Amino acid sequence: MSGFSPAFERLGAALAAVVLQQQETLAEFLPREDWSADLTARTYASGGVTVRVSLLGSYAARERTWLWGWANPQFGDAHPAVVPTLAIRALGERLGITEFTTPEVDLSWYDGPAGHGGELIAMAAGGVLRGAGYIGAGYDGGSAYLHVDDPQVPAAGWDPIPVPRLLNGATSLFPHEPRLTLAGLLSHHRIAYRQTDELTEMRLPGGGARALFDGLGRFVDWQADLAHAAPAALRG
């Protein structure tokens with residue numbers, strides 16, 4: 001493999017802004033201090049806070065590969081920390097997303113804005129599972145990626161103010177379909193919108209907003225007016 005599959009890129013684009021927003025909420029809730037994890041008990045503790053987690057997989061820095069938890073001989077698909085993640089593999093089989101079904105994914109080709117290609121797999125996988133975000137837990141030689149599945153972590157709420165920043169951040173990681181990235185965020189928060197090739201119009205509480213895209217589909221501008229009601233003709 002010398003690049004992510006189109007199916008993976010499309011899924012990542014649809015989920016990326018949602019995941020980035022939830023990561024910010026998780027970072028505010030969970031201190032990043034000295035940590036410990038008990039994967040049999042499905043717990044991760046940091047700074048006096050303990051959350052329930054499952055194991056997505058791990059990234060090996062030297063080999064530059066991603067290994068799914070279900071393919072790791074130390075765990076396997078019957079391990080308590082792995083069972084909750086098997087929906088990712090099932091989705092991969094259904095949609096033809098090879099990154100979700102290949103036991104060990106070669107990422108030696110990746111040279112992009114994320115720390116490494118495994119980070120993007122963890123993002124997409126975490127987005128599939130929804131939940132409260134993911135944690136990169138570093139160890140000598142790589143990082144394990146844990147999905148946080150704990151109701152005590154708040155869910156990110158709708159806020160139009162950070163949307164341009166979230167969209168820019170998400171499209172730097174999954175750049176192929178910015179309009180889909182925005183649509184994914186709006187749909188997640190049940191925000192009504194109308195979309196054309198170069199314009200997405202939103203009906204927001206107290207007003208409206210518009211996202212503009214150029215002829216190549218790239219996000220170029222955000223205009224918000226929260227002082228007036230949006231036109232009644234907009235429908236979700």
# chains A, B, ... in the order shown; residues from 1 in each chain; ligands from 1
call {"tool": "closest_atom_pairs", "arguments": {"of": "stretch 117-212 of chain A", "to": "stretch 2-5 of chain A", "cutoff": "12 Å", "atoms": "only C-alpha atoms", "output": "Markdown table"}}
result
| residue | atom | partner | partner_atom | distance |
| --- | --- | --- | --- | --- |
| A:Gly117 | CA | A:Phe4 | CA | 9.2 |
| A:Gly118 | CA | A:Phe4 | CA | 11.3 |
| A:Leu120 | CA | A:Phe4 | CA | 9.9 |
| A:Ile121 | CA | A:Phe4 | CA | 9.6 |
| A:Ala124 | CA | A:Phe4 | CA | 11.8 |
| A:Leu173 | CA | A:Phe4 | CA | 11.9 |
| A:Phe174 | CA | A:Phe4 | CA | 10.2 |
| A:His176 | CA | A:Phe4 | CA | 11.5 |
call {"tool": "residues_around", "arguments": {"residues": "A:Asp140", "least_positions_apart": "4", "cutoff": "12 Å", "atoms": "only C-alpha atoms", "output": "list of chain:residue names"}}
result
A:Ser58, A:Tyr59, A:Ala60, A:Ala61, A:Arg62, A:Ala144
call {"tool": "closest_residue", "arguments": {"among": "A:Leu182, A:Ile191, A:Ala211, A:Ala87", "to": "A:Gly169", "atoms": "only C-alpha atoms"}}
result
A:Leu182
call {"tool": "residues_around", "arguments": {"residues": "A:Ser46", "least_positions_apart": "4", "cutoff": "12 Å", "atoms": "only C-alpha atoms", "output": "PyMOL selection string"}}
result
chain A and resi 27+29-37+50-52+135+137
call {"tool": "residues_around", "arguments": {"residues": "A:Ser172", "least_positions_apart": "5", "cutoff": "9 Å", "atoms": "only C-alpha atoms", "output": "VMD selection string"}}
result
chain A and resid 112 to 114 167
call {"tool": "residues_around", "arguments": {"residues": "A:Leu56", "least_positions_apart": "5", "cutoff": "7 Å", "atoms": "only C-alpha atoms", "output": "ChimeraX atom specification"}}
result
/A:68-69,85,122,145-147
call {"tool": "select_by_dssp", "arguments": {"residues": "stretch 66-229 of chain A", "states": "strand (DSSP E or B)", "output": "VMD selection string"}}
result
chain A and resid 66 to 68 104 to 106 134 to 139 142 to 148 193 to 195 199 to 204 207 to 213 219 to 225
call {"tool": "closest_atom_pairs", "arguments": {"of": "stretch 73-143 of chain A", "to": "stretch 10-14 of chain A", "cutoff": "12 Å", "atoms": "only C-alpha atoms", "output": "Markdown table"}}
result
| residue | atom | partner | partner_atom | distance |
| --- | --- | --- | --- | --- |
| A:Ile88 | CA | A:Leu11 | CA | 11.8 |
| A:Leu91 | CA | A:Leu11 | CA | 10.8 |
| A:Gly92 | CA | A:Leu11 | CA | 10.4 |
| A:Leu95 | CA | A:Leu11 | CA | 9.8 |
| A:Gly96 | CA | A:Leu11 | CA | 11.2 |
| A:Ile97 | CA | A:Leu11 | CA | 8.9 |
| A:Glu99 | CA | A:Leu11 | CA | 11.3 |
| A:Phe100 | CA | A:Leu11 | CA | 11.3 |
| A:Glu119 | CA | A:Gly12 | CA | 11.5 |
| A:Leu120 | CA | A:Gly12 | CA | 7.9 |
| A:Ile121 | CA | A:Gly12 | CA | 8.4 |
| A:Ala122 | CA | A:Gly12 | CA | 10.1 |
| A:Met123 | CA | A:Gly12 | CA | 7.6 |
| A:Ala124 | CA | A:Gly12 | CA | 5.2 |
| A:Ala125 | CA | A:Gly12 | CA | 8.8 |
| A:Gly126 | CA | A:Gly12 | CA | 10.2 |
| A:Gly127 | CA | A:Gly12 | CA | 8.1 |
| A:Val128 | CA | A:Leu11 | CA | 8.8 |
call {"tool": "write_last_selection", "arguments": {"atoms": "all heavy atoms", "output": "CSV table (one decimal), in the first residue's frame"}}
result
chain,number,residue,atom,x,y,z
A,88,ILE,N,-15.5,-2.0,14.3
A,88,ILE,CA,-14.6,-1.3,13.3
A,88,ILE,C,-14.3,-2.3,12.2
A,88,ILE,O,-14.4,-2.0,11.0
A,88,ILE,CB,-13.4,-0.8,13.9
A,88,ILE,CG1,-13.7,0.2,15.0
A,88,ILE,CG2,-12.5,-0.1,12.9
A,88,ILE,CD1,-12.5,0.5,15.9
A,91,LEU,N,-17.3,-3.1,10.1
A,91,LEU,CA,-17.6,-2.0,9.1
A,91,LEU,C,-16.7,-2.0,8.0
A,91,LEU,O,-17.1,-1.8,6.8
A,91,LEU,CB,-17.5,-0.6,9.9
A,91,LEU,CG,-17.8,0.6,9.0
A,91,LEU,CD1,-19.3,0.7,8.7
A,91,LEU,CD2,-17.4,1.9,9.7
A,92,GLY,N,-15.4,-2.3,8.2
A,92,GLY,CA,-14.4,-2.4,7.2
A,92,GLY,C,-14.8,-3.5,6.2
A,92,GLY,O,-14.6,-3.3,5.0
A,95,LEU,N,-17.9,-2.1,4.1
A,95,LEU,CA,-17.6,-1.0,3.2
A,95,LEU,C,-16.4,-1.1,2.3
A,95,LEU,O,-16.1,-0.3,1.6
A,95,LEU,CB,-17.6,0.3,4.0
A,95,LEU,CG,-18.8,0.7,4.8
A,95,LEU,CD1,-18.6,2.0,5.5
A,95,LEU,CD2,-20.0,0.7,3.9
A,96,GLY,N,-15.6,-2.2,2.5
A,96,GLY,CA,-14.4,-2.4,1.8
A,96,GLY,C,-13.3,-1.5,2.2
A,96,GLY,O,-12.5,-1.0,1.3
A,97,ILE,N,-13.2,-1.2,3.5
A,97,ILE,CA,-12.1,-0.3,4.0
A,97,ILE,C,-11.0,-1.2,4.5
A,97,ILE,O,-11.0,-1.8,5.5
A,97,ILE,CB,-12.6,0.5,5.2
A,97,ILE,CG1,-13.8,1.4,4.7
A,97,ILE,CG2,-11.5,1.4,5.7
A,97,ILE,CD1,-14.5,2.2,5.8
A,99,GLU,N,-8.0,-0.8,5.5
A,99,GLU,CA,-7.2,-0.4,6.7
A,99,GLU,C,-7.9,-0.9,7.9
A,99,GLU,O,-7.2,-1.1,8.9
A,99,GLU,CB,-7.2,1.2,6.8
A,99,GLU,CG,-6.3,1.8,5.7
A,99,GLU,CD,-7.0,2.0,4.4
A,99,GLU,OE1,-8.2,1.6,4.2
A,99,GLU,OE2,-6.4,2.6,3.5
A,100,PHE,N,-9.2,-1.2,7.9
A,100,PHE,CA,-9.9,-1.7,9.0
A,100,PHE,C,-9.9,-3.3,9.1
A,100,PHE,O,-10.3,-3.8,10.1
A,100,PHE,CB,-11.3,-1.3,9.1
A,100,PHE,CG,-11.5,0.2,9.4
A,100,PHE,CD1,-12.8,0.8,9.3
A,100,PHE,CD2,-10.5,1.0,9.9
A,100,PHE,CE1,-13.0,2.1,9.7
A,100,PHE,CE2,-10.6,2.3,10.2
A,100,PHE,CZ,-11.9,2.9,10.1
A,119,GLU,N,-1.9,7.7,13.7
A,119,GLU,CA,-2.8,8.6,14.3
A,119,GLU,C,-4.1,8.8,13.5
A,119,GLU,O,-5.2,8.9,14.1
A,119,GLU,CB,-2.1,10.0,14.4
A,119,GLU,CG,-2.9,11.1,15.1
A,119,GLU,CD,-2.7,11.1,16.6
A,119,GLU,OE1,-1.7,10.4,17.1
A,119,GLU,OE2,-3.5,11.7,17.3
A,120,LEU,N,-4.0,8.7,12.2
A,120,LEU,CA,-5.2,8.9,11.4
A,120,LEU,C,-6.1,7.7,11.4
A,120,LEU,O,-7.3,7.8,11.4
A,120,LEU,CB,-4.8,9.2,9.9
A,120,LEU,CG,-4.0,10.5,9.7
A,120,LEU,CD1,-3.7,10.7,8.2
A,120,LEU,CD2,-4.7,11.7,10.3
A,121,ILE,N,-5.5,6.5,11.5
A,121,ILE,CA,-6.3,5.3,11.7
A,121,ILE,C,-7.0,5.3,13.0
A,121,ILE,O,-8.2,5.0,13.1
A,121,ILE,CB,-5.4,4.0,11.6
A,121,ILE,CG1,-4.9,3.9,10.1
A,121,ILE,CG2,-6.2,2.8,12.0
A,121,ILE,CD1,-4.0,2.6,9.9
A,122,ALA,N,-6.3,5.8,14.1
A,122,ALA,CA,-6.9,5.9,15.4
A,122,ALA,C,-8.1,6.9,15.4
A,122,ALA,O,-9.1,6.7,16.0
A,122,ALA,CB,-5.9,6.3,16.4
A,123,MET,N,-7.9,8.0,14.7
A,123,MET,CA,-9.0,9.0,14.5
A,123,MET,C,-10.2,8.4,13.9
A,123,MET,O,-11.3,8.6,14.4
A,123,MET,CB,-8.5,10.2,13.7
A,123,MET,CG,-7.6,11.2,14.4
A,123,MET,SD,-7.3,12.6,13.4
A,123,MET,CE,-9.0,13.3,13.2
A,124,ALA,N,-10.0,7.8,12.7
A,124,ALA,CA,-11.1,7.2,12.0
A,124,ALA,C,-11.8,6.1,12.8
A,124,ALA,O,-13.0,6.0,12.9
A,124,ALA,CB,-10.7,6.7,10.7
A,125,ALA,N,-11.0,5.3,13.4
A,125,ALA,CA,-11.6,4.2,14.2
A,125,ALA,C,-12.4,4.7,15.4
A,125,ALA,O,-13.5,4.2,15.7
A,125,ALA,CB,-10.5,3.3,14.7
A,126,GLY,N,-11.8,5.7,16.1
A,126,GLY,CA,-12.5,6.3,17.2
A,126,GLY,C,-13.8,7.0,16.8
A,126,GLY,O,-14.8,6.9,17.5
A,127,GLY,N,-13.8,7.6,15.6
A,127,GLY,CA,-15.0,8.2,15.1
A,127,GLY,C,-16.1,7.2,14.8
A,127,GLY,O,-17.3,7.4,15.0
A,128,VAL,N,-15.7,6.0,14.3
A,128,VAL,CA,-16.7,4.9,14.0
A,128,VAL,C,-17.4,4.5,15.3
A,128,VAL,O,-18.6,4.3,15.4
A,128,VAL,CB,-16.0,3.7,13.4
A,128,VAL,CG1,-16.9,2.5,13.4
A,128,VAL,CG2,-15.6,4.0,12.0
call {"tool": "residues_around", "arguments": {"residues": "A:Leu180", "least_positions_apart": "5", "cutoff": "12 Å", "atoms": "only C-alpha atoms", "output": "number ranges by chain"}}
result
A: 9-18, 167, 170-171, 174-175, 185-188, 195-197, 200, 213, 217-219
call {"tool": "write_last_selection", "arguments": {"atoms": "N, CA and C atoms", "output": "mmCIF file, in the first residue's frame"}}
result
data_model
loop_
_atom_site.group_PDB
_atom_site.id
_atom_site.type_symbol
_atom_site.label_atom_id
_atom_site.label_comp_id
_atom_site.auth_asym_id
_atom_site.auth_seq_id
_atom_site.Cartn_x
_atom_site.Cartn_y
_atom_site.Cartn_z
ATOM 1 N N GLU A 9 -10.297 7.253 3.151
ATOM 2 C CA GLU A 9 -10.204 8.718 3.070
ATOM 3 C C GLU A 9 -11.586 9.352 3.196
ATOM 4 N N ARG A 10 -12.572 8.761 2.552
ATOM 5 C CA ARG A 10 -13.920 9.337 2.605
ATOM 6 C C ARG A 10 -14.510 9.226 4.006
ATOM 7 N N LEU A 11 -14.345 8.084 4.633
ATOM 8 C CA LEU A 11 -14.842 7.926 5.996
ATOM 9 C C LEU A 11 -14.125 8.892 6.936
ATOM 10 N N GLY A 12 -12.798 8.988 6.803
ATOM 11 C CA GLY A 12 -12.049 9.909 7.651
ATOM 12 C C GLY A 12 -12.506 11.339 7.473
ATOM 13 N N ALA A 13 -12.763 11.735 6.232
ATOM 14 C CA ALA A 13 -13.236 13.090 5.975
ATOM 15 C C ALA A 13 -14.568 13.340 6.663
ATOM 16 N N ALA A 14 -15.459 12.370 6.631
ATOM 17 C CA ALA A 14 -16.783 12.541 7.231
ATOM 18 C C ALA A 14 -16.719 12.646 8.753
ATOM 19 N N LEU A 15 -15.713 12.045 9.368
ATOM 20 C CA LEU A 15 -15.646 11.962 10.827
ATOM 21 C C LEU A 15 -14.653 12.927 11.460
ATOM 22 N N ALA A 16 -13.718 13.465 10.692
ATOM 23 C CA ALA A 16 -12.552 14.129 11.280
ATOM 24 C C ALA A 16 -12.903 15.319 12.158
ATOM 25 N N ALA A 17 -13.791 16.201 11.729
ATOM 26 C CA ALA A 17 -14.109 17.383 12.534
ATOM 27 C C ALA A 17 -14.824 16.991 13.822
ATOM 28 N N VAL A 18 -15.686 15.984 13.737
ATOM 29 C CA VAL A 18 -16.373 15.492 14.932
ATOM 30 C C VAL A 18 -15.369 14.957 15.941
ATOM 31 N N LEU A 167 -12.756 22.838 10.978
ATOM 32 C CA LEU A 167 -12.785 22.432 9.575
ATOM 33 C C LEU A 167 -11.389 22.511 8.962
ATOM 34 N N ALA A 170 -9.348 19.589 10.454
ATOM 35 C CA ALA A 170 -9.777 18.290 9.934
ATOM 36 C C ALA A 170 -9.351 18.101 8.488
ATOM 37 N N THR A 171 -9.477 19.154 7.676
ATOM 38 C CA THR A 171 -9.136 19.010 6.260
ATOM 39 C C THR A 171 -7.636 19.003 6.019
ATOM 40 N N PHE A 174 -7.457 15.057 6.523
ATOM 41 C CA PHE A 174 -8.215 14.334 5.497
ATOM 42 C C PHE A 174 -8.687 15.374 4.475
ATOM 43 N N PRO A 175 -7.855 15.694 3.495
ATOM 44 C CA PRO A 175 -8.089 16.882 2.669
ATOM 45 C C PRO A 175 -8.999 16.700 1.467
ATOM 46 N N LEU A 185 -19.929 17.125 10.486
ATOM 47 C CA LEU A 185 -20.023 17.850 11.758
ATOM 48 C C LEU A 185 -21.440 18.364 11.977
ATOM 49 N N LEU A 186 -22.034 18.942 10.945
ATOM 50 C CA LEU A 186 -23.384 19.476 11.077
ATOM 51 C C LEU A 186 -24.399 18.368 11.345
ATOM 52 N N SER A 187 -24.266 17.257 10.646
ATOM 53 C CA SER A 187 -25.190 16.141 10.860
ATOM 54 C C SER A 187 -25.053 15.578 12.264
ATOM 55 N N HIS A 188 -23.825 15.502 12.745
ATOM 56 C CA HIS A 188 -23.591 14.991 14.098
ATOM 57 C C HIS A 188 -24.344 15.818 15.134
ATOM 58 N N GLN A 195 -26.643 22.452 0.886
ATOM 59 C CA GLN A 195 -25.291 22.412 0.328
ATOM 60 C C GLN A 195 -25.319 22.371 -1.191
ATOM 61 N N THR A 196 -24.459 23.211 -1.802
ATOM 62 C CA THR A 196 -24.182 23.147 -3.228
ATOM 63 C C THR A 196 -22.681 22.936 -3.385
ATOM 64 N N ASP A 197 -22.194 22.947 -4.617
ATOM 65 C CA ASP A 197 -20.771 22.701 -4.839
ATOM 66 C C ASP A 197 -19.882 23.707 -4.120
ATOM 67 N N THR A 200 -22.264 26.074 1.551
ATOM 68 C CA THR A 200 -23.082 25.366 2.528
ATOM 69 C C THR A 200 -23.731 26.406 3.423
ATOM 70 N N PHE A 213 -16.694 27.412 -0.512
ATOM 71 C CA PHE A 213 -15.672 26.526 -1.043
ATOM 72 C C PHE A 213 -15.320 26.986 -2.451
ATOM 73 N N GLY A 217 -13.220 22.609 -4.423
ATOM 74 C CA GLY A 217 -13.836 22.033 -3.240
ATOM 75 C C GLY A 217 -13.155 22.379 -1.941
ATOM 76 N N ARG A 218 -12.175 23.297 -1.963
ATOM 77 C CA ARG A 218 -11.455 23.656 -0.746
ATOM 78 C C ARG A 218 -12.217 24.709 0.047
ATOM 79 N N PHE A 219 -12.190 24.606 1.367
ATOM 80 C CA PHE A 219 -12.838 25.574 2.247
ATOM 81 C C PHE A 219 -12.074 26.892 2.191
#
call {"tool": "atom_distance", "arguments": {"atom1": "atom CA of A:Arg203", "atom2": "atom CA of A:Asp225"}}
result
10.1 Å
call {"tool": "select_by_dssp", "arguments": {"residues": "stretch 36-151 of chain A", "states": "alpha helix (DSSP H)", "output": "MDAnalysis selection string"}}
result
chainID A and resid 86:95 98:101 117:129
call {"tool": "atom_distance", "arguments": {"atom1": "atom CA of A:Ala90", "atom2": "atom CA of A:Phe8"}}
result
13.9 Å
call {"tool": "atom_distance", "arguments": {"atom1": "atom CA of A:Pro164", "atom2": "atom CA of A:Trp222"}}
result
6.5 Å
call {"tool": "residues_around", "arguments": {"residues": "A:Val53", "least_positions_apart": "6", "cutoff": "7 Å", "atoms": "only C-alpha atoms", "output": "NGL selection string"}}
result
:A and (42-44 or 146-149)
